[in-house]
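Colleague: My structure file input.cif, mmCIF, C-alpha atoms, is below:
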```
data_run
loop_
_atom_site.label_atom_id
_atom_site.label_comp_id
_atom_site.auth_asym_id
_atom_site.auth_seq_id
_atom_site.Cartn_x
_atom_site.Cartn_y
_atom_site.Cartn_z
CA MET A 690 121.47 17.22 -4.03
CA ASN A 691 120.41 20.81 -4.71
CA ALA A 692 117.49 22.59 -3.05
CA ILE A 693 115.01 21.78 -5.86
CA GLU A 694 115.78 18.04 -5.77
CA PHE A 695 115.76 18.04 -1.97
CA SER A 696 112.35 19.77 -1.84
CA LEU A 697 110.79 17.53 -4.50
CA LEU A 698 112.02 14.28 -2.92
CA ILE A 699 110.96 15.29 0.58
CA GLY A 700 107.67 16.65 -0.76
CA MET A 701 106.86 13.34 -2.48
CA ALA A 702 107.85 11.25 0.53
CA SER A 703 105.77 13.50 2.80
CA LEU A 704 102.80 13.16 0.45
CA VAL A 705 102.92 9.36 0.79
CA ALA A 706 103.35 9.70 4.57
CA GLY A 707 100.38 12.06 4.81
CA PHE A 708 98.24 9.79 2.65
CA LEU A 709 98.95 6.66 4.71
CA GLY A 710 98.77 8.63 7.93
CA SER A 711 95.28 9.89 7.23
CA LEU A 712 94.01 6.50 6.03
CA THR A 713 95.19 4.78 9.18
CA GLY A 714 94.40 7.63 11.56
CA LEU A 715 97.97 7.70 12.84
CA GLY A 716 98.86 10.98 11.14
CA GLY A 717 101.74 11.51 8.75
CA GLY A 718 103.94 13.13 11.38
CA VAL A 719 104.83 9.86 12.99
CA VAL A 720 106.93 8.74 9.99
CA ILE A 721 108.29 12.18 8.98
CA VAL A 722 110.98 12.37 11.65
CA PRO A 723 112.47 8.90 10.98
CA LEU A 724 112.20 9.57 7.25
CA LEU A 725 114.10 12.88 7.45
CA ALA A 726 116.62 11.66 10.01
CA LEU A 727 117.34 8.19 8.58
CA ALA A 728 116.90 8.64 4.82
CA PHE A 729 117.82 12.31 4.31
CA LYS A 730 120.34 12.63 7.17
CA VAL A 731 118.60 15.76 8.44
CA ASP A 732 119.51 16.65 12.03
CA ILE A 733 116.77 15.40 14.38
CA HIS A 734 115.99 18.90 15.72
CA TYR A 735 115.20 20.21 12.23
CA ALA A 736 113.25 17.02 11.61
CA ILE A 737 111.01 17.40 14.67
CA GLY A 738 110.52 21.11 13.87
CA ALA A 739 109.29 20.35 10.33
CA SER A 740 107.18 17.45 11.54
CA LEU A 741 105.49 19.54 14.21
CA VAL A 742 104.21 22.21 11.81
CA SER A 743 102.99 19.55 9.38
CA VAL A 744 101.08 18.00 12.27
CA ILE A 745 99.31 21.33 12.91
CA ALA A 746 98.38 21.57 9.22
CA THR A 747 96.82 18.10 9.04
CA SER A 748 95.03 18.56 12.34
CA SER A 749 93.37 21.76 11.14
CA GLY A 750 92.53 20.16 7.79
CA SER A 751 90.96 16.98 9.09
CA ALA A 752 89.38 18.54 12.17
CA ALA A 753 87.59 20.99 9.87
CA ALA A 754 85.87 18.06 8.18
CA TYR A 755 85.05 16.00 11.29
CA VAL A 756 83.94 18.84 13.57
CA ARG A 757 81.27 19.81 11.06
CA LYS A 758 79.95 16.27 10.97
CA GLY A 759 79.39 16.43 14.72
CA TYR A 760 81.75 13.59 15.72
CA SER A 761 84.23 15.61 17.76
CA ASN A 762 83.32 16.63 21.30
CA ILE A 763 84.66 20.16 21.68
CA ARG A 764 84.16 20.16 25.47
CA ILE A 765 86.21 17.00 25.98
CA GLY A 766 88.79 18.43 23.58
CA MET A 767 89.03 21.78 25.33
CA LEU A 768 89.28 20.31 28.84
CA LEU A 769 91.99 17.83 27.88
CA GLU A 770 93.89 20.52 25.97
CA ILE A 771 94.82 22.07 29.33
CA ALA A 772 96.78 18.88 30.01
CA THR A 773 98.20 18.42 26.50
CA THR A 774 99.40 22.03 26.10
CA LEU A 775 101.11 22.03 29.51
CA GLY A 776 102.73 18.71 28.61
CA ALA A 777 103.75 20.06 25.21
CA ILE A 778 105.59 22.98 26.79
CA MET A 779 107.43 20.61 29.08
CA GLY A 780 108.27 18.36 26.14
CA ALA A 781 109.61 21.27 24.07
CA PHE A 782 111.90 22.30 26.93
CA LEU A 783 113.05 18.69 27.35
CA ALA A 784 113.84 18.47 23.61
CA ALA A 785 116.55 21.11 23.98
CA GLY A 786 118.41 19.33 26.77
CA THR A 787 117.92 15.75 25.62
CA PRO A 788 120.75 14.20 23.54
CA THR A 789 119.85 13.13 20.00
CA LYS A 790 120.49 9.47 20.90
CA ALA A 791 117.91 9.53 23.69
CA ILE A 792 115.35 11.31 21.50
CA ALA A 793 115.86 8.62 18.84
CA ILE A 794 115.33 5.80 21.34
CA VAL A 795 112.20 7.33 22.89
CA PHE A 796 110.93 8.01 19.37
CA GLY A 797 111.48 4.39 18.39
CA MET A 798 109.55 3.17 21.41
CA VAL A 799 106.63 5.50 20.62
CA LEU A 800 106.61 4.17 17.04
CA LEU A 801 106.44 0.56 18.26
CA PHE A 802 103.66 1.52 20.65
CA SER A 803 101.73 3.34 17.89
CA ALA A 804 102.04 0.34 15.60
CA ALA A 805 100.65 -1.94 18.30
CA VAL A 806 97.78 0.44 19.11
CA SER A 807 96.78 0.87 15.46
CA THR A 808 96.24 -2.85 14.93
CA ARG A 809 94.43 -3.63 18.17
CA LYS A 810 90.76 -4.59 18.19
CA ARG A 811 88.45 -1.88 19.38
CA ASN A 812 85.29 -2.88 21.19
CA PRO A 813 82.52 -0.34 21.45
CA PRO A 814 82.25 0.78 25.09
CA PRO A 815 79.20 -0.20 27.15
CA THR A 816 76.45 2.44 27.15
CA ASP A 817 74.43 1.21 30.12
CA GLU A 818 76.80 2.08 32.98
CA PRO A 819 75.83 4.76 35.49
CA LYS A 820 76.97 8.32 34.86
CA ASP A 821 80.23 9.57 36.27
CA ARG A 822 79.79 12.54 38.63
CA LEU A 823 82.83 14.54 37.56
CA ALA A 824 82.10 13.98 33.88
CA SER A 825 78.50 15.11 34.34
CA MET A 826 79.62 18.17 36.28
CA LEU A 827 82.01 19.05 33.45
CA ARG A 828 79.26 18.37 30.89
CA LEU A 829 81.44 15.95 28.93
CA ASP A 830 78.72 13.46 28.02
CA GLY A 831 77.46 13.79 24.50
CA SER A 832 76.17 11.98 21.48
CA TYR A 833 77.35 11.44 17.93
CA PRO A 834 75.46 10.80 14.71
CA ASP A 835 75.82 7.50 12.88
CA ASP A 836 73.53 6.29 10.07
CA GLY A 837 71.05 9.01 10.96
CA ILE A 838 70.83 7.88 14.59
CA LYS A 839 72.12 9.80 17.62
CA HIS A 840 74.26 7.62 19.89
CA PRO A 841 74.62 8.99 23.42
CA TYR A 842 77.71 8.19 25.50
CA HIS A 843 79.00 8.78 29.00
CA VAL A 844 82.55 9.75 29.84
CA ARG A 845 84.37 8.19 32.80
CA ARG A 846 87.66 8.40 34.75
CA VAL A 847 88.38 12.00 33.83
CA PRO A 848 91.43 12.44 36.12
CA LEU A 849 93.16 9.36 34.63
CA GLY A 850 92.44 10.56 31.11
CA PHE A 851 93.71 14.03 32.01
CA GLY A 852 96.97 12.60 33.39
CA LEU A 853 97.54 10.43 30.31
CA MET A 854 96.93 13.48 28.13
CA PHE A 855 99.69 15.35 29.93
CA GLY A 856 101.99 12.48 28.93
CA ALA A 857 100.72 12.60 25.34
CA GLY A 858 101.44 16.34 25.23
CA THR A 859 104.95 15.84 26.59
CA LEU A 860 105.72 13.27 23.89
CA SER A 861 104.28 15.62 21.29
CA GLY A 862 106.53 18.48 22.38
CA LEU A 863 109.60 16.27 22.75
CA LEU A 864 109.26 14.42 19.44
CA GLY A 865 107.36 16.84 17.17
CA ILE A 866 104.51 14.41 16.61
CA GLY A 867 100.77 14.55 17.27
CA SER A 868 100.86 11.52 19.67
CA GLY A 869 97.48 10.54 18.28
CA ALA A 870 98.01 6.94 19.41
CA VAL A 871 98.42 7.92 23.07
CA LYS A 872 95.52 10.40 22.91
CA VAL A 873 93.15 7.89 21.35
CA LEU A 874 94.18 5.20 23.82
CA ALA A 875 93.61 7.53 26.78
CA MET A 876 90.13 8.38 25.54
CA ASP A 877 89.15 4.85 24.46
CA GLU A 878 90.55 2.81 27.31
CA ALA A 879 90.58 5.21 30.27
CA MET A 880 87.59 7.41 29.56
CA LEU A 881 85.53 4.85 27.56
CA ILE A 882 84.71 7.29 24.79
CA PRO A 883 83.37 5.68 21.55
CA PHE A 884 86.15 5.50 18.99
CA LYS A 885 84.47 7.66 16.38
CA VAL A 886 84.43 10.44 18.95
CA SER A 887 87.89 9.71 20.41
CA THR A 888 89.66 9.56 17.04
CA THR A 889 88.15 12.78 15.73
CA THR A 890 88.48 14.64 19.05
CA SER A 891 92.14 13.57 19.21
CA ASN A 892 92.65 14.96 15.71
CA PHE A 893 91.02 18.19 16.79
CA MET A 894 93.27 18.49 19.87
CA ILE A 895 96.52 17.74 18.05
CA GLY A 896 96.68 21.22 16.45
CA VAL A 897 96.39 23.12 19.73
CA THR A 898 98.81 20.76 21.45
CA ALA A 899 101.40 21.20 18.70
CA ALA A 900 100.89 24.99 18.65
CA ALA A 901 101.93 25.06 22.31
CA SER A 902 105.37 23.66 21.52
CA ALA A 903 105.67 25.39 18.13
CA GLY A 904 106.35 28.77 19.72
CA ILE A 905 109.30 27.33 21.63
CA TYR A 906 110.51 25.38 18.56
CA LEU A 907 110.40 28.56 16.47
CA SER A 908 112.46 30.63 18.88
CA ARG A 909 114.97 27.79 19.30
CA GLY A 910 115.47 27.68 15.52
CA TYR A 911 114.05 24.16 14.96
CA ILE A 912 111.62 25.28 12.26
CA ASP A 913 113.75 25.65 9.13
CA PRO A 914 111.59 27.04 6.31
CA ALA A 915 113.43 25.17 3.55
CA ILE A 916 112.71 21.80 5.24
CA ALA A 917 109.32 22.58 6.76
CA MET A 918 107.96 23.87 3.41
CA PRO A 919 108.07 20.59 1.42
CA VAL A 920 107.14 18.53 4.50
CA THR A 921 104.07 20.62 5.35
CA LEU A 922 102.79 20.92 1.78
CA GLY A 923 103.44 17.22 1.08
CA VAL A 924 101.81 15.90 4.24
CA LEU A 925 98.86 18.24 3.81
CA ALA A 926 98.24 17.25 0.18
CA GLY A 927 98.64 13.57 1.08
CA SER A 928 96.23 13.71 3.99
CA MET A 929 93.62 15.55 1.91
CA LEU A 930 93.87 12.82 -0.72
CA GLY A 931 93.64 10.24 2.05
CA THR A 932 90.42 11.72 3.41
CA GLN A 933 88.85 11.50 -0.07
CA PHE A 934 90.04 7.92 -0.46
CA LEU A 935 88.91 6.88 3.03
CA MET A 936 85.27 6.89 1.98
CA ARG A 937 85.84 4.12 -0.57
CA ALA A 938 88.79 2.04 0.53
CA LYS A 939 88.99 -1.03 2.73
CA THR A 940 91.53 0.22 5.20
CA LYS A 941 92.31 -2.91 7.19
CA ALA A 942 95.09 -4.15 4.91
CA ILE A 943 96.58 -0.64 4.62
CA ARG A 944 96.44 -0.27 8.38
CA ILE A 945 98.42 -3.48 8.89
CA ILE A 946 101.01 -2.58 6.24
CA PHE A 947 101.47 0.89 7.72
CA ALA A 948 101.77 -0.59 11.22
CA VAL A 949 104.53 -2.90 10.00
CA VAL A 950 106.36 0.02 8.36
CA ILE A 951 106.06 2.05 11.56
CA ALA A 952 107.30 -0.83 13.69
CA MET A 953 110.33 -1.28 11.40
CA LEU A 954 111.10 2.44 11.53
CA GLY A 955 110.77 2.24 15.31
CA MET A 956 113.35 -0.55 15.54
CA GLU A 957 115.64 1.33 13.16
CA MET A 958 115.37 4.49 15.31
CA ILE A 959 116.16 2.55 18.49
CA TYR A 960 119.10 0.83 16.78
CA SER A 961 120.42 4.12 15.39
CA GLY A 962 120.06 5.73 18.78
CA LEU A 963 121.87 2.91 20.58
CA THR A 964 124.73 2.80 18.08
CA GLY A 965 124.97 6.60 17.94
CA ARG A 966 124.49 6.80 14.18
CA LEU A 967 122.10 9.74 14.42
CA MET B 367 69.74 2.47 29.20
CA GLU B 368 69.14 5.33 26.80
CA HIS B 369 67.92 4.35 23.38
CA PRO B 370 69.44 6.09 20.39
CA ALA B 371 66.89 8.56 19.10
CA PRO B 372 66.47 9.32 15.39
CA ILE B 373 67.76 12.75 14.49
CA ASP B 374 65.23 15.35 13.55
CA PRO B 375 67.22 17.31 10.94
CA ASN B 376 65.66 20.63 11.97
CA GLU B 377 66.24 20.19 15.66
CA TYR B 378 69.75 18.87 15.05
CA ALA B 379 70.71 21.83 12.87
CA LEU B 380 69.57 24.29 15.50
CA THR B 381 71.43 23.02 18.56
CA ASP B 382 74.02 25.55 19.68
CA ASP B 383 76.98 23.19 19.63
CA THR B 384 76.30 22.33 16.02
CA ILE B 385 76.54 25.97 15.01
CA ILE B 386 79.80 26.31 16.96
CA ASP B 387 81.05 23.12 15.28
CA ILE B 388 80.31 24.47 11.80
CA ARG B 389 81.98 27.80 12.48
CA ILE B 390 85.05 26.17 14.04
CA GLY B 391 85.28 23.87 11.01
CA LEU B 392 85.18 26.85 8.67
CA LEU B 393 87.76 28.79 10.70
CA LEU B 394 90.19 25.85 10.67
CA LYS B 395 89.73 25.32 6.95
CA ILE B 396 90.34 28.97 6.06
CA GLY B 397 93.42 29.14 8.33
CA MET B 398 94.86 25.94 6.90
CA LEU B 399 94.29 26.90 3.25
CA THR B 400 95.61 30.46 3.70
CA SER B 401 98.81 29.29 5.36
CA ALA B 402 99.34 26.55 2.76
CA ALA B 403 98.98 29.15 -0.02
CA VAL B 404 101.52 31.48 1.62
CA ILE B 405 103.98 28.59 2.19
CA LEU B 406 103.58 27.49 -1.43
CA LEU B 407 104.18 31.04 -2.71
CA GLY B 408 107.31 31.45 -0.55
CA GLY B 409 108.50 27.98 -1.58
CA ILE B 410 108.17 28.67 -5.30
CA LEU B 411 109.99 32.01 -4.97
CA PHE B 412 112.73 30.42 -2.85
CA LEU B 413 113.33 27.56 -5.28
CA PHE B 414 113.20 29.97 -8.24
CA HIS B 415 115.92 32.14 -6.69
CA HIS B 416 117.99 29.61 -4.77
CA GLY B 417 117.06 26.25 -6.29
CA ARG B 418 120.61 25.43 -7.33
CA SER B 419 122.13 25.92 -3.88
CA ASN B 420 123.27 22.84 -1.97
CA PRO B 421 121.88 22.97 1.54
CA ASP B 422 123.34 20.86 4.33
CA TYR B 423 121.11 19.99 7.26
CA THR B 424 123.16 17.19 8.81
CA VAL B 425 124.37 19.39 11.66
CA PHE B 426 122.04 21.56 13.72
CA HIS B 427 122.89 25.27 13.70
CA GLY B 428 119.40 26.63 14.31
CA VAL B 429 117.78 28.93 11.77
CA PRO B 430 119.21 32.49 11.64
CA ASP B 431 117.79 35.19 13.93
CA ASN B 432 115.72 36.79 11.18
CA LEU B 433 113.64 33.63 10.77
CA ASN B 434 112.97 32.58 14.33
CA SER B 435 110.91 35.44 15.77
CA LEU B 436 107.95 37.60 14.84
CA ALA B 437 110.11 40.73 14.58
CA GLY B 438 112.77 38.94 12.54
CA ILE B 439 110.23 37.49 10.11
CA ALA B 440 108.57 40.92 9.71
CA ARG B 441 112.00 42.42 8.89
CA GLY B 442 112.68 39.63 6.41
CA LEU B 443 109.35 40.26 4.68
CA ARG B 444 110.19 43.95 4.24
CA HIS B 445 113.48 42.96 2.60
CA GLY B 446 111.72 40.53 0.27
CA ASN B 447 113.32 37.43 1.87
CA ASP B 448 111.65 34.34 0.30
CA LEU B 449 112.27 32.21 3.38
CA ALA B 450 110.53 34.85 5.51
CA ILE B 451 107.40 34.36 3.35
CA ILE B 452 107.49 30.63 4.13
CA GLN B 453 107.92 31.44 7.84
CA LEU B 454 104.92 33.80 7.65
CA GLY B 455 102.92 30.81 6.40
CA MET B 456 104.23 28.75 9.32
CA LEU B 457 103.15 31.51 11.73
CA LEU B 458 99.66 31.53 10.19
CA LEU B 459 99.57 27.76 10.55
CA ILE B 460 100.51 27.98 14.24
CA ALA B 461 98.01 30.83 14.75
CA THR B 462 95.08 28.81 13.36
CA PRO B 463 94.50 26.55 16.39
CA VAL B 464 95.11 29.55 18.66
CA ALA B 465 92.38 31.45 16.80
CA ARG B 466 90.14 28.41 17.28
CA VAL B 467 90.61 28.63 21.07
CA VAL B 468 89.87 32.40 21.03
CA PHE B 469 86.74 31.74 18.99
CA SER B 470 85.66 29.02 21.45
CA ILE B 471 85.88 31.47 24.35
CA PHE B 472 83.40 33.79 22.63
CA ALA B 473 81.20 30.91 21.54
CA PHE B 474 80.96 29.47 25.07
CA PHE B 475 80.38 32.97 26.39
CA SER B 476 77.40 33.47 24.08
CA GLU B 477 76.02 30.15 25.37
CA ARG B 478 76.54 31.43 28.95
CA ASP B 479 78.67 28.36 29.59
CA TYR B 480 81.07 30.10 31.97
CA LEU B 481 82.77 26.87 33.05
CA TYR B 482 83.99 26.36 29.50
CA VAL B 483 84.79 30.05 29.06
CA THR B 484 87.19 29.55 31.97
CA ILE B 485 88.61 26.27 30.61
CA SER B 486 89.18 27.79 27.15
CA THR B 487 90.82 30.85 28.71
CA ILE B 488 93.26 28.62 30.61
CA VAL B 489 94.21 26.87 27.35
CA LEU B 490 94.69 30.26 25.66
CA ALA B 491 96.89 31.45 28.52
CA VAL B 492 99.12 28.36 28.20
CA LEU B 493 99.38 28.89 24.43
CA LEU B 494 100.25 32.58 24.78
CA TYR B 495 102.85 31.77 27.42
CA SER B 496 104.54 29.44 24.93
CA LEU B 497 104.21 31.73 21.91
CA ILE B 498 105.58 34.87 23.52
CA TRP B 499 108.34 33.02 25.36
CA HIS B 500 111.78 34.62 24.79
#
```
Show the structure stored in the file as structure tokens.

Modeller:
Amino acid sequence: MNAIEFSLLIGMASLVAGFLGSLTGLGGGVVIVPLLALAFKVDIHYAIGASLVSVIATSSGSAAAYVRKGYSNIRIGMLLEIATTLGAIMGAFLAAGTPTKAIAIVFGMVLLFSAAVSTRKRNPPPTDEPKDRLASMLRLDGSYPDDGIKHPYHVRRVPLGFGLMFGAGTLSGLLGIGSGAVKVLAMDEAMLIPFKVSTTTSNFMIGVTAAASAGIYLSRGYIDPAIAMPVTLGVLAGSMLGTQFLMRAKTKAIRIIFAVVIAMLGMEMIYSGLTGRL
Amino acid sequence: MEHPAPIDPNEYALTDDTIIDIRIGLLLKIGMLTSAAVILLGGILFLFHHGRSNPDYTVFHGVPDNLNSLAGIARGLRHGNDLAIIQLGMLLLIATPVARVVFSIFAFFSERDYLYVTISTIVLAVLLYSLIWH
């Protein structure tokens, strides 16, 4: 396979990954690493390097759209970014010392977890509970527009959310992914943030989180331009298409199909890690 | 319980956070599109010049020194290295969220929200620590 064929194939595959990733809210990054490592036999360190920069690109692209609509809460995002960036630095350091096998197994488990999270039922959080003191002090409460109506919400259990975000950042730095699933879960379940706000704020945070490990990845030589180029452009084009499509499509079926694909990739990664094929 | 209030379009458009939101959105969009354009340009040049080569990525060697640091990439650009152009795009991509944090510091400052000036500055410090490591 010469460089042109390699770039075109990876570019096309990344486009599909970005498209499905943006439709389901899981991000394209989560399938890029297994795709590169399993199908193209790319070393996992190059794979996580390419994935990480593509994650930054899609975060900036989609956050640009959502922030302007007023869904994202930039205060919640900024506060939790302290935790995710610190975690990301730790994760990037861990990536260097962790054997490929172990990275593959952890990756597989995160994929299985993401698949489970993406198909779960999400109940809107109660709005009539008393305010949380810490959240009020940090001015995290906000409101988001929906059908021309402002919906206020209160944030709770900030320390728990903060701790979970450190974990999300560590996984992001170790695996070169956005860890959107962990971020959304921390905000939905721990901090009881409405999912329109949690999903878009998570998207918004992913870029800064990934930038924190990108510096370390770059100096360690994980970001190979010839691999990162088709991955980034493909994922970006795919996710932009996905955002256009999202307005019209019924996403439930796509979400389930993508979850199944992710779960299968997760099992394949764990199997490959255990048998040492990576 | 607070009842959802209808949005008055004028009032909504004038709240400070909304203006910050719009500017941040624009900043992210410009950063993302600029870096994508640079990566695309470098990619086309690279494939035009080296498209027939057979790369092997199955074993990790790490990218060469001239592509893994600011100084190295700047040197590569002066020598017309196509891969250095792609890496410049990657640097712009990484710089975009960092620029967003810098912008937020000023935005919170103009709102006199010193708590969030401090929080944003901490995030910036962590990012800079990572980016200038080594």

Colleague: To test your reading of the syntax: which residues would the PyMOL selection byres ((chain B and resi 435) around 10) return for the file shown? Reply as an MDAnalysis selection string.

Modeller: (chainID A and resid 904 907:910) or (chainID B and resid 430:434 436:441 453 457 497:498 500)

Colleague: Between CA of Thr789 in chain A and CA of Leu967 in chain A, what is the distance, to one decimal in Å?

Modeller: 6.9 Å

Colleague: Which is closer to Pro723 in chain A than all the others in A:Ala952, A:Met918, A:Leu768, A:Leu853, using only C-alpha atoms?

Modeller: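 Of A:Ala952, A:Met918, A:Leu768, A:Leu853, the one nearest Pro723 in chain A, counting only C-alpha atoms, is A:Ala952.
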
Colleague: Take the PyMOL selection byres ((chain A and resi 955) around 8), run it mentally on this structure, and tell me the resulting residues as a list of chain:residue names.

Modeller: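 Selected by the PyMOL selection byres ((chain A and resi 955) around 8) in this file: A:Phe796, A:Gly797, A:Met798, A:Val799, A:Leu800, A:Leu801, A:Ile951, A:Ala952, A:Met953, A:Leu954, A:Met956, A:Glu957, A:Met958, A:Ile959.
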
Colleague: So, with only C-alpha atoms as the atoms that count, which of A:Arg822, A:Lys872, A:His734, A:Arg944 lies closest to Thr859 in chain A?

Modeller: A:Lys872

Colleague: So for range 386-404 of chain B, what box centre and size do we get, axis-aligned, 5 Å extra on each of the six sides, every listed atom, Å to one decimal, as JSON?

Modeller:
```
{"center_x": 90.7, "center_y": 27.3, "center_z": 8.5, "size_x": 31.7, "size_y": 18.4, "size_z": 27.0}
```

Colleague: Expand the PyMOL selection byres ((chain A) within 6 of (chain B)) into the individual residues it matches in the shown file, reporting them as a ChimeraX atom specification.

Modeller: /A:691-693,730-732,749-750,753,756-757,771,817,838-840,896-897,900-901,904,907-908,910-911,913-914

Colleague: Show me the residues close to (91.0, 8.3, 33.6) - anything with an atom within 9 Å, counting all atoms listed in the file - and format the list as a compact mmCIF listing (two decimals) with C-alpha atoms, in the frame of the given file.

Modeller:
```txt
# COMPACT_ATOMS: atom_id res chain seq x y z
CA ARG A 845 84.37 8.19 32.80
CA ARG A 846 87.66 8.40 34.75
CA VAL A 847 88.38 12.00 33.83
CA PRO A 848 91.43 12.44 36.12
CA LEU A 849 93.16 9.36 34.63
CA GLY A 850 92.44 10.56 31.11
CA PHE A 851 93.71 14.03 32.01
CA GLY A 852 96.97 12.60 33.39
CA LEU A 853 97.54 10.43 30.31
CA ALA A 875 93.61 7.53 26.78
CA MET A 876 90.13 8.38 25.54
CA GLU A 878 90.55 2.81 27.31
CA ALA A 879 90.58 5.21 30.27
CA MET A 880 87.59 7.41 29.56
CA LEU A 881 85.53 4.85 27.56
```

Colleague: Just to confirm, what's the straight-line distance from CA of Asn762 in chain A to CA of Met894 in chain A in Å (one decimal)?

Modeller: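 Result for CA of Asn762 in chain A versus CA of Met894 in chain A: 10.2 Å, one decimal.
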
Colleague: Using CA of Lys820 in chain A and CA of Tyr833 in chain A as the two end points, give the distance in Å to one decimal.

Modeller: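 That distance, rounded to one decimal, is 17.2 Å.
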
Colleague: Please list as a list in words every residue within 8 Å of Ser696 in chain A, counting all atoms listed in the file and excluding residues in the same chain fewer than 5 positions away.

Modeller: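 Once the adjacent positions are removed, what remains is Ala915, Ile916, Met918 and Pro919 of chain A.
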
Colleague: Under the rule that all atoms listed in the file are counted, which of A:Gly862, A:Gly965, A:Gly867, A:Gly927 is the nearest residue to Met779 in chain A?

Modeller: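 Under the stated criterion, the closest residue is A:Gly862.
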
Colleague: With distances taken over all atoms listed in the file, which of A:Glu694, A:Ser751, A:Val844, A:Arg764 is nearest to Val483 in chain B?

Modeller: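 Among A:Glu694, A:Ser751, A:Val844, A:Arg764, it is A:Arg764 that comes nearest to Val483 in chain B.
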